[in-house]
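Have a look at model-v9.cif below; it lists mmCIF, C-alpha atoms and all ligand atoms.
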data_target
#
loop_
_atom_site.group_PDB
_atom_site.id
_atom_site.type_symbol
_atom_site.label_atom_id
_atom_site.label_comp_id
_atom_site.auth_asym_id
_atom_site.auth_seq_id
_atom_site.Cartn_x
_atom_site.Cartn_y
_atom_site.Cartn_z
ATOM 1 C CA ARG A 1 -33.275 -5.001 -7.157
ATOM 2 C CA LYS A 2 -34.008 -7.124 -4.105
ATOM 3 C CA LYS A 3 -35.180 -5.551 -0.865
ATOM 4 C CA ALA A 4 -32.593 -5.424 1.927
ATOM 5 C CA PRO A 5 -33.094 -8.146 4.532
ATOM 6 C CA ASN A 6 -33.897 -7.195 8.126
ATOM 7 C CA ALA A 7 -32.672 -8.825 11.324
ATOM 8 C CA GLU A 8 -35.498 -11.374 11.323
ATOM 9 C CA ASP A 9 -34.737 -12.321 7.694
ATOM 10 C CA ILE A 10 -31.120 -12.934 8.725
ATOM 11 C CA ARG A 11 -32.226 -14.995 11.738
ATOM 12 C CA ALA A 12 -34.425 -17.119 9.439
ATOM 13 C CA ARG A 13 -31.360 -18.074 7.374
ATOM 14 C CA LYS A 14 -30.184 -20.396 10.193
ATOM 15 C CA GLY A 15 -29.013 -23.685 8.699
ATOM 16 C CA GLY A 16 -29.635 -22.514 5.116
ATOM 17 C CA GLU A 17 -27.458 -21.075 2.363
ATOM 18 C CA PRO A 18 -24.430 -19.436 4.021
ATOM 19 C CA LEU A 19 -24.774 -15.724 4.835
ATOM 20 C CA VAL A 20 -22.215 -13.533 3.068
ATOM 21 C CA SER A 21 -20.878 -10.427 4.748
ATOM 22 C CA LEU A 22 -17.941 -8.012 4.707
ATOM 23 C CA THR A 23 -17.048 -4.833 6.530
ATOM 24 C CA ALA A 24 -17.279 -1.451 4.801
ATOM 25 C CA TYR A 25 -16.419 2.084 5.918
ATOM 26 C CA THR A 26 -17.010 4.195 2.802
ATOM 27 C CA THR A 27 -19.692 4.735 0.145
ATOM 28 C CA PRO A 28 -17.707 3.445 -2.870
ATOM 29 C CA MET A 29 -16.658 0.223 -1.120
ATOM 30 C CA ALA A 30 -20.240 -0.327 0.091
ATOM 31 C CA ARG A 31 -21.460 0.059 -3.530
ATOM 32 C CA LEU A 32 -19.013 -2.589 -4.733
ATOM 33 C CA MET A 33 -20.271 -5.204 -2.263
ATOM 34 C CA ASP A 34 -23.978 -4.305 -2.065
ATOM 35 C CA ALA A 35 -25.157 -6.863 -4.631
ATOM 36 C CA HIS A 36 -22.948 -9.640 -3.253
ATOM 37 C CA CYS A 37 -23.538 -9.452 0.504
ATOM 38 C CA ASP A 38 -26.535 -10.266 2.689
ATOM 39 C CA PHE A 39 -25.349 -7.762 5.277
ATOM 40 C CA VAL A 40 -22.510 -5.252 5.542
ATOM 41 C CA LEU A 41 -20.870 -4.410 8.867
ATOM 42 C CA VAL A 42 -19.613 -0.940 9.676
ATOM 43 C CA GLY A 43 -16.948 -2.412 11.945
ATOM 44 C CA ASP A 44 -14.983 -0.563 14.592
ATOM 45 C CA SER A 45 -12.027 -2.115 12.751
ATOM 46 C CA VAL A 46 -12.325 1.217 10.870
ATOM 47 C CA GLY A 47 -9.989 2.630 13.531
ATOM 48 C CA MET A 48 -7.133 0.332 12.552
ATOM 49 C CA VAL A 49 -7.977 -0.056 8.849
ATOM 50 C CA LEU A 50 -8.619 3.586 7.891
ATOM 51 C CA HIS A 51 -7.409 5.748 10.775
ATOM 52 C CA GLY A 52 -4.076 4.136 11.673
ATOM 53 C CA LEU A 53 -5.034 3.377 15.296
ATOM 54 C CA GLU A 54 -3.184 0.572 17.110
ATOM 55 C CA SER A 55 -6.399 -1.079 18.314
ATOM 56 C CA THR A 56 -10.157 -0.505 18.208
ATOM 57 C CA LEU A 57 -10.167 1.093 21.678
ATOM 58 C CA GLY A 58 -9.819 4.655 20.368
ATOM 59 C CA VAL A 59 -12.843 4.473 18.073
ATOM 60 C CA THR A 60 -15.593 6.962 19.000
ATOM 61 C CA MET A 61 -19.366 7.223 18.478
ATOM 62 C CA GLU A 62 -18.710 10.169 16.152
ATOM 63 C CA MET A 63 -16.412 8.054 13.930
ATOM 64 C CA MET A 64 -18.981 5.247 13.789
ATOM 65 C CA ILE A 65 -21.797 7.655 12.882
ATOM 66 C CA LEU A 66 -19.773 9.335 10.113
ATOM 67 C CA HIS A 67 -18.687 6.025 8.535
ATOM 68 C CA GLY A 68 -22.139 4.523 9.054
ATOM 69 C CA GLN A 69 -23.721 7.401 7.122
ATOM 70 C CA ALA A 70 -21.203 6.938 4.307
ATOM 71 C CA VAL A 71 -21.816 3.181 4.048
ATOM 72 C CA SER A 72 -25.580 3.629 4.218
ATOM 73 C CA ARG A 73 -25.465 5.808 1.067
ATOM 74 C CA GLY A 74 -23.834 2.936 -0.823
ATOM 75 C CA LEU A 75 -26.281 0.153 0.095
ATOM 76 C CA LYS A 76 -29.573 -0.772 -1.559
ATOM 77 C CA SER A 77 -29.976 -4.534 -1.285
ATOM 78 C CA ALA A 78 -27.736 -5.488 1.665
ATOM 79 C CA MET A 79 -28.618 -4.924 5.317
ATOM 80 C CA MET A 80 -26.352 -2.623 7.340
ATOM 81 C CA VAL A 81 -25.149 -3.578 10.826
ATOM 82 C CA ILE A 82 -23.043 -1.153 12.868
ATOM 83 C CA ASP A 83 -20.569 -1.805 15.693
ATOM 84 C CA MET A 84 -20.979 -0.142 19.072
ATOM 85 C CA PRO A 85 -17.544 1.289 19.909
ATOM 86 C CA PHE A 86 -15.579 0.602 23.096
ATOM 87 C CA GLY A 87 -17.023 2.500 26.068
ATOM 88 C CA SER A 88 -20.424 3.167 24.507
ATOM 89 C CA TYR A 89 -22.376 0.228 26.000
ATOM 90 C CA GLU A 90 -20.513 -1.647 28.774
ATOM 91 C CA GLU A 91 -21.538 0.599 31.677
ATOM 92 C CA SER A 92 -25.250 -0.223 31.779
ATOM 93 C CA PRO A 93 -28.183 -1.317 29.630
ATOM 94 C CA ALA A 94 -29.460 2.285 29.708
ATOM 95 C CA GLN A 95 -26.156 3.641 28.389
ATOM 96 C CA ALA A 96 -26.170 0.967 25.689
ATOM 97 C CA PHE A 97 -29.710 1.862 24.640
ATOM 98 C CA ARG A 98 -28.961 5.582 24.453
ATOM 99 C CA ASN A 99 -25.946 5.037 22.189
ATOM 100 C CA ALA A 100 -27.482 2.239 20.107
ATOM 101 C CA ALA A 101 -30.503 4.454 19.431
ATOM 102 C CA ARG A 102 -28.170 7.267 18.316
ATOM 103 C CA LEU A 103 -26.326 4.937 15.937
ATOM 104 C CA MET A 104 -29.571 3.612 14.459
ATOM 105 C CA ALA A 105 -31.192 7.048 14.130
ATOM 106 C CA TYR A 106 -28.231 8.814 12.520
ATOM 107 C CA THR A 107 -27.013 6.020 10.217
ATOM 108 C CA ASN A 108 -30.141 4.113 9.198
ATOM 109 C CA ALA A 109 -28.533 0.827 10.345
ATOM 110 C CA GLY A 110 -30.842 -2.171 10.724
ATOM 111 C CA ALA A 111 -29.043 -3.511 13.798
ATOM 112 C CA VAL A 112 -26.105 -2.940 16.133
ATOM 113 C CA LYS A 113 -23.301 -5.339 17.047
ATOM 114 C CA LEU A 114 -21.614 -5.440 20.438
ATOM 115 C CA GLU A 115 -18.887 -7.595 21.958
ATOM 116 C CA GLY A 116 -19.429 -9.946 24.885
ATOM 117 C CA GLY A 117 -21.278 -13.092 25.952
ATOM 118 C CA VAL A 118 -22.662 -13.970 29.397
ATOM 119 C CA GLU A 119 -21.662 -10.559 30.804
ATOM 120 C CA MET A 120 -23.564 -8.673 28.062
ATOM 121 C CA ALA A 121 -26.699 -10.857 28.020
ATOM 122 C CA GLU A 122 -28.724 -8.487 30.214
ATOM 123 C CA THR A 123 -27.841 -5.559 27.942
ATOM 124 C CA ILE A 124 -28.721 -7.501 24.775
ATOM 125 C CA ARG A 125 -32.122 -8.399 26.269
ATOM 126 C CA PHE A 126 -32.718 -4.741 27.267
ATOM 127 C CA LEU A 127 -32.001 -3.486 23.716
ATOM 128 C CA VAL A 128 -33.985 -6.186 21.901
ATOM 129 C CA LYS A 129 -37.037 -5.662 24.149
ATOM 130 C CA ARG A 130 -36.928 -1.969 23.219
ATOM 131 C CA GLY A 131 -36.718 -2.400 19.453
ATOM 132 C CA ILE A 132 -33.014 -2.637 18.684
ATOM 133 C CA PRO A 133 -31.873 -5.858 16.957
ATOM 134 C CA VAL A 134 -28.503 -7.015 18.296
ATOM 135 C CA MET A 135 -25.793 -9.090 16.647
ATOM 136 C CA ALA A 136 -23.526 -10.544 19.329
ATOM 137 C CA HIS A 137 -19.756 -11.075 18.986
ATOM 138 C CA ILE A 138 -17.965 -13.717 21.084
ATOM 139 C CA GLY A 139 -14.676 -15.643 21.079
ATOM 140 C CA LEU A 140 -11.921 -13.137 20.385
ATOM 141 C CA THR A 141 -13.391 -9.734 21.242
ATOM 142 C CA PRO A 142 -10.791 -7.133 20.166
ATOM 143 C CA GLN A 143 -12.130 -4.403 22.494
ATOM 144 C CA SER A 144 -10.956 -6.609 25.402
ATOM 145 C CA ILE A 145 -7.434 -6.993 24.061
ATOM 146 C CA ASN A 146 -5.928 -5.620 27.278
ATOM 147 C CA THR A 147 -7.566 -8.234 29.501
ATOM 148 C CA LEU A 148 -7.296 -11.087 26.979
ATOM 149 C CA GLY A 149 -3.551 -10.482 26.714
ATOM 150 C CA GLY A 150 -3.350 -10.670 22.910
ATOM 151 C CA TYR A 151 -5.255 -11.609 19.764
ATOM 152 C CA LYS A 152 -5.277 -15.321 20.675
ATOM 153 C CA VAL A 153 -7.584 -18.175 19.674
ATOM 154 C CA GLN A 154 -10.456 -18.354 22.209
ATOM 155 C CA GLY A 155 -12.069 -21.598 23.304
ATOM 156 C CA ARG A 156 -9.385 -24.264 23.121
ATOM 157 C CA ASP A 157 -9.328 -27.088 25.658
ATOM 158 C CA GLU A 158 -10.851 -26.127 29.039
ATOM 159 C CA GLN A 159 -11.851 -22.675 27.619
ATOM 160 C CA ALA A 160 -14.378 -24.315 25.269
ATOM 161 C CA GLU A 161 -17.197 -24.507 27.827
ATOM 162 C CA ALA A 162 -16.987 -20.751 28.542
ATOM 163 C CA VAL A 163 -17.339 -19.862 24.854
ATOM 164 C CA MET A 164 -20.254 -22.315 24.527
ATOM 165 C CA ALA A 165 -21.875 -20.626 27.557
ATOM 166 C CA ASP A 166 -21.451 -17.231 25.866
ATOM 167 C CA ALA A 167 -23.142 -18.558 22.711
ATOM 168 C CA ARG A 168 -26.086 -19.886 24.729
ATOM 169 C CA ALA A 169 -26.384 -16.662 26.755
ATOM 170 C CA VAL A 170 -26.554 -14.305 23.752
ATOM 171 C CA THR A 171 -29.074 -16.607 22.049
ATOM 172 C CA GLU A 172 -31.297 -16.676 25.151
ATOM 173 C CA ALA A 173 -30.998 -12.892 25.443
ATOM 174 C CA GLY A 174 -32.508 -12.446 21.986
ATOM 175 C CA ALA A 175 -29.556 -11.733 19.671
ATOM 176 C CA PHE A 176 -30.543 -12.435 16.024
ATOM 177 C CA SER A 177 -27.081 -13.780 15.145
ATOM 178 C CA VAL A 178 -23.600 -14.055 16.613
ATOM 179 C CA VAL A 179 -20.089 -13.515 15.283
ATOM 180 C CA LEU A 180 -17.595 -16.216 16.310
ATOM 181 C CA GLU A 181 -14.089 -14.757 16.023
ATOM 182 C CA LYS A 182 -10.974 -16.951 16.265
ATOM 183 C CA VAL A 183 -12.877 -19.891 17.769
ATOM 184 C CA PRO A 184 -11.438 -23.349 16.935
ATOM 185 C CA GLN A 185 -13.172 -25.206 14.114
ATOM 186 C CA GLY A 186 -14.695 -28.068 16.107
ATOM 187 C CA LEU A 187 -16.124 -25.768 18.762
ATOM 188 C CA ALA A 188 -17.495 -23.397 16.103
ATOM 189 C CA ASN A 189 -19.279 -26.363 14.489
ATOM 190 C CA GLN A 190 -20.622 -27.509 17.851
ATOM 191 C CA ILE A 191 -21.962 -24.027 18.673
ATOM 192 C CA THR A 192 -23.508 -23.772 15.197
ATOM 193 C CA GLU A 193 -25.304 -27.084 15.707
ATOM 194 C CA GLU A 194 -26.531 -26.247 19.178
ATOM 195 C CA ILE A 195 -27.802 -22.659 19.048
ATOM 196 C CA ALA A 196 -30.897 -21.497 17.169
ATOM 197 C CA ILE A 197 -29.411 -18.322 15.623
ATOM 198 C CA PRO A 198 -26.971 -17.981 12.700
ATOM 199 C CA THR A 199 -23.274 -18.082 13.558
ATOM 200 C CA ILE A 200 -21.065 -15.779 11.487
ATOM 201 C CA GLY A 201 -17.502 -17.037 11.390
ATOM 202 C CA ILE A 202 -14.250 -15.102 11.146
ATOM 203 C CA GLY A 203 -11.333 -17.405 11.790
ATOM 204 C CA ALA A 204 -13.850 -20.075 12.857
ATOM 205 C CA SER A 205 -15.232 -22.720 10.458
ATOM 206 C CA ALA A 206 -16.771 -23.181 6.996
ATOM 207 C CA GLY A 207 -19.547 -24.944 8.928
ATOM 208 C CA CYS A 208 -20.771 -21.638 10.379
ATOM 209 C CA ASP A 209 -24.067 -20.220 9.050
ATOM 210 C CA GLY A 210 -22.152 -17.357 7.419
ATOM 211 C CA GLN A 211 -18.759 -15.700 7.068
ATOM 212 C CA ILE A 212 -17.379 -12.192 7.489
ATOM 213 C CA LEU A 213 -14.016 -10.627 6.644
ATOM 214 C CA VAL A 214 -12.564 -7.130 6.826
ATOM 215 C CA VAL A 215 -12.785 -5.954 3.209
ATOM 216 C CA ASP A 216 -9.440 -4.131 3.192
ATOM 217 C CA ASP A 217 -7.789 -7.373 4.374
ATOM 218 C CA MET A 218 -9.294 -9.568 1.661
ATOM 219 C CA VAL A 219 -8.599 -7.189 -1.229
ATOM 220 C CA GLY A 220 -5.060 -6.482 0.027
ATOM 221 C CA PHE A 221 -5.419 -2.782 0.857
ATOM 222 C CA PHE A 222 -4.543 -3.302 4.522
ATOM 223 C CA THR A 223 -1.092 -4.911 4.607
ATOM 224 C CA ALA A 224 0.281 -3.890 8.026
ATOM 225 C CA PHE A 225 -0.276 -7.516 9.138
ATOM 226 C CA LYS A 226 -2.268 -10.538 7.953
ATOM 227 C CA PRO A 227 -4.059 -12.801 10.437
ATOM 228 C CA LYS A 228 -4.048 -16.529 9.521
ATOM 229 C CA PHE A 229 -7.820 -16.439 8.929
ATOM 230 C CA VAL A 230 -7.573 -13.803 6.197
ATOM 231 C CA LYS A 231 -7.541 -14.973 2.598
ATOM 232 C CA ARG A 232 -6.164 -12.395 0.178
ATOM 233 C CA TYR A 233 -8.446 -12.509 -2.851
ATOM 234 C CA ALA A 234 -6.548 -9.613 -4.471
ATOM 235 C CA GLU A 235 -3.426 -7.505 -3.899
ATOM 236 C CA LEU A 236 -4.818 -4.012 -4.486
ATOM 237 C CA GLY A 237 -2.381 -2.290 -2.122
ATOM 238 C CA PRO A 238 0.733 -3.096 -4.190
ATOM 239 C CA LEU A 239 -1.253 -2.311 -7.365
ATOM 240 C CA ALA A 240 -2.145 1.152 -6.031
ATOM 241 C CA GLU A 241 1.437 1.789 -4.938
ATOM 242 C CA ALA A 242 2.769 0.885 -8.378
ATOM 243 C CA ALA A 243 0.345 3.389 -9.933
ATOM 244 C CA ILE A 244 1.481 6.096 -7.497
ATOM 245 C CA ALA A 245 5.152 5.382 -8.225
ATOM 246 C CA GLU A 246 4.533 5.622 -11.991
ATOM 247 C CA TYR A 247 2.714 8.935 -11.549
ATOM 248 C CA ALA A 248 5.589 10.307 -9.453
ATOM 249 C CA ALA A 249 8.157 9.314 -12.090
ATOM 250 C CA GLU A 250 6.106 10.888 -14.898
ATOM 251 C CA VAL A 251 5.635 14.154 -13.008
ATOM 252 C CA ARG A 252 9.386 14.363 -12.417
ATOM 253 C CA ALA A 253 10.063 13.593 -16.103
ATOM 254 C CA ARG A 254 7.390 16.122 -17.233
ATOM 255 C CA THR A 255 5.675 13.377 -19.259
ATOM 256 C CA PHE A 256 2.504 13.876 -17.247
ATOM 257 C CA PRO A 257 0.253 15.670 -18.043
ATOM 258 C CA ALA A 258 0.347 14.727 -21.739
ATOM 259 C CA ASP A 259 -1.471 16.438 -24.636
ATOM 260 C CA GLU A 260 -4.716 14.583 -23.971
ATOM 261 C CA HIS A 261 -4.867 15.872 -20.384
ATOM 262 C CA VAL A 262 -4.474 19.623 -21.067
ATOM 263 C CA PHE A 263 -6.702 22.350 -22.568
ATOM 264 C CA ALA A 264 -6.243 24.384 -25.741
ATOM 265 C CA ASP A 265 -6.122 28.197 -25.468
ATOM 266 C CA GLN A 266 -8.691 28.656 -28.275
ATOM 267 C CA ALA A 267 -12.305 27.651 -27.648
ATOM 268 C CA PRO A 268 -13.165 24.640 -29.839
ATOM 269 C CA ALA A 269 -15.413 25.109 -32.931
ATOM 270 C CA LYS A 270 -19.132 24.414 -32.342
ATOM 271 C CA GLY A 271 -19.875 20.693 -32.038
ATOM 272 C CA GLN A 272 -16.214 19.844 -31.431
ATOM 273 C CA LYS A 273 -14.993 18.373 -28.168
ATOM 274 C CA THR A 274 -12.673 20.118 -25.661
HETATM 275 O O1 LIG B 1 -14.892 -4.546 13.448
HETATM 276 C C1 LIG B 1 -14.935 -5.546 12.701
HETATM 277 O O2 LIG B 1 -14.450 -5.514 11.549
HETATM 278 C C2 LIG B 1 -15.585 -6.760 13.208
HETATM 279 C C3 LIG B 1 -15.631 -7.965 12.318
HETATM 280 C C4 LIG B 1 -14.281 -8.452 11.956
HETATM 281 C C5 LIG B 1 -16.465 -9.046 12.878
HETATM 282 O O3 LIG B 1 -16.068 -6.739 14.294
HETATM 283 NA NA NA B 2 -15.677 -4.917 15.537
#

Can you dump the structure from the file as structure tokens?
Ligand code: KIV
Ligand code: NA
Amino acid sequence: RKKAPNAEDIRARKGGEPLVSLTAYTTPMARLMDAHCDFVLVGDSVGMVLHGLESTLGVTMEMMILHGQAVSRGLKSAMMVIDMPFGSYEESPAQAFRNAARLMAYTNAGAVKLEGGVEMAETIRFLVKRGIPVMAHIGLTPQSINTLGGYKVQGRDEQAEAVMADARAVTEAGAFSVVLEKVPQGLANQITEEIAIPTIGIGASAGCDGQILVVDDMVGFFTAFKPKFVKRYAELGPLAEAAIAEYAAEVRARTFPADEHVFADQAPAKGQKT
């Protein structure tokens, strides 16, 4: 089994073989992806994907810690990165450090991720200087949905320079990599060429230094909506529903449980099963 990479190992992958990553929120899902991913993100998307929230704004530190602990138990060879939830870091660098340290200490994560570019550069620098590796997240930042006015592409036309400035700012501040979400392809390629840290695309470009997707999206468990950038590699949601429907029909018909699922009244003879 290979040793899990750390933040500096991920940084060193700039320009090399693409970094593979997915989100995870539970131990069994983390186990399934451990051997295939370079890093696994405990995303605050957990609020929408597993808790039925309308956005990521209602996700708490307690939720992140609980899911981070679960994911950590399922990983051996992939690095774990954990999202800082809305409200846990924006106020000040000191607030960010306090909460990032809590996330790292309780979940065994190797790094935190936070949303924001130029405006978060001071905070990123503060954390990195004090021992906390930071993955940045720019372009579409879902925690700012109320000021962005929707889940729109970020960085088209005259907006491009602002996203480029964000990429430069988080790099200068010491982030070891940066997620580019819903950034147009050409701009994503330009950022990837210009900055010295790996870019992780989601709805960005195959030219990025790595890719990430929400696992429940790509296996078809989360079907409430499907962003254009999601590729469904499987349709597990409909498969699970078909199994549930079959179970329900068999219970109603008293064909489940069958003989092989029930227990005899007499103890079996020595050496015999059941
Ligand atoms: O919360 C999340 O799942 C994320 C990724 C999509 C980048 O932030
Ligand atoms: Na997130």

Task: Protein and nucleic acid residues within 10 Å of ligand LIG 1 (chain B) (all atoms listed in the file) as a ChimeraX atom specification - done: /A:21-25,41-49,56,82-85,113-115,136-138,140-143,178-181,200-203,211-217

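Across the chains present, the PyMOL selection byres (((chain A and resi 172) around 12) and not hetatm) applied to this file returns A:Gly117, A:Val118, A:Met120, A:Ala121, A:Glu122, A:Thr123, A:Ile124, A:Arg125, A:Val128, A:Ala136, A:Ala165, A:Asp166, A:Ala167, A:Arg168, A:Ala169, A:Val170, A:Thr171, A:Ala173, A:Gly174, A:Ala175, A:Phe176, A:Ser177, A:Val178, A:Ile195, A:Ala196, A:Ile197.
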
TODO: Could you tell me how far atom CA of A:Glu62 lies from atom CA of A:Ala109, in Å and to one decimal?
DONE: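 Answer for the atom CA of A:Glu62 to atom CA of A:Ala109 separation: 14.7 Å.
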
Task: Using all atoms listed in the file: which of A:Gly150, A:Gly16, A:Gly271, A:Gly116 has the shortest distance to ligand NA 2 (chain B) - done: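 So, comparing all the options, the nearest one is A:Gly116.
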
Open item on the list: as a ChimeraX atom specification, please: the residues near A:Met218 (cut-off 7 Å, only C-alpha atoms, same-chain neighbours under 5 positions excluded).
Closed with: /A:213,230-234
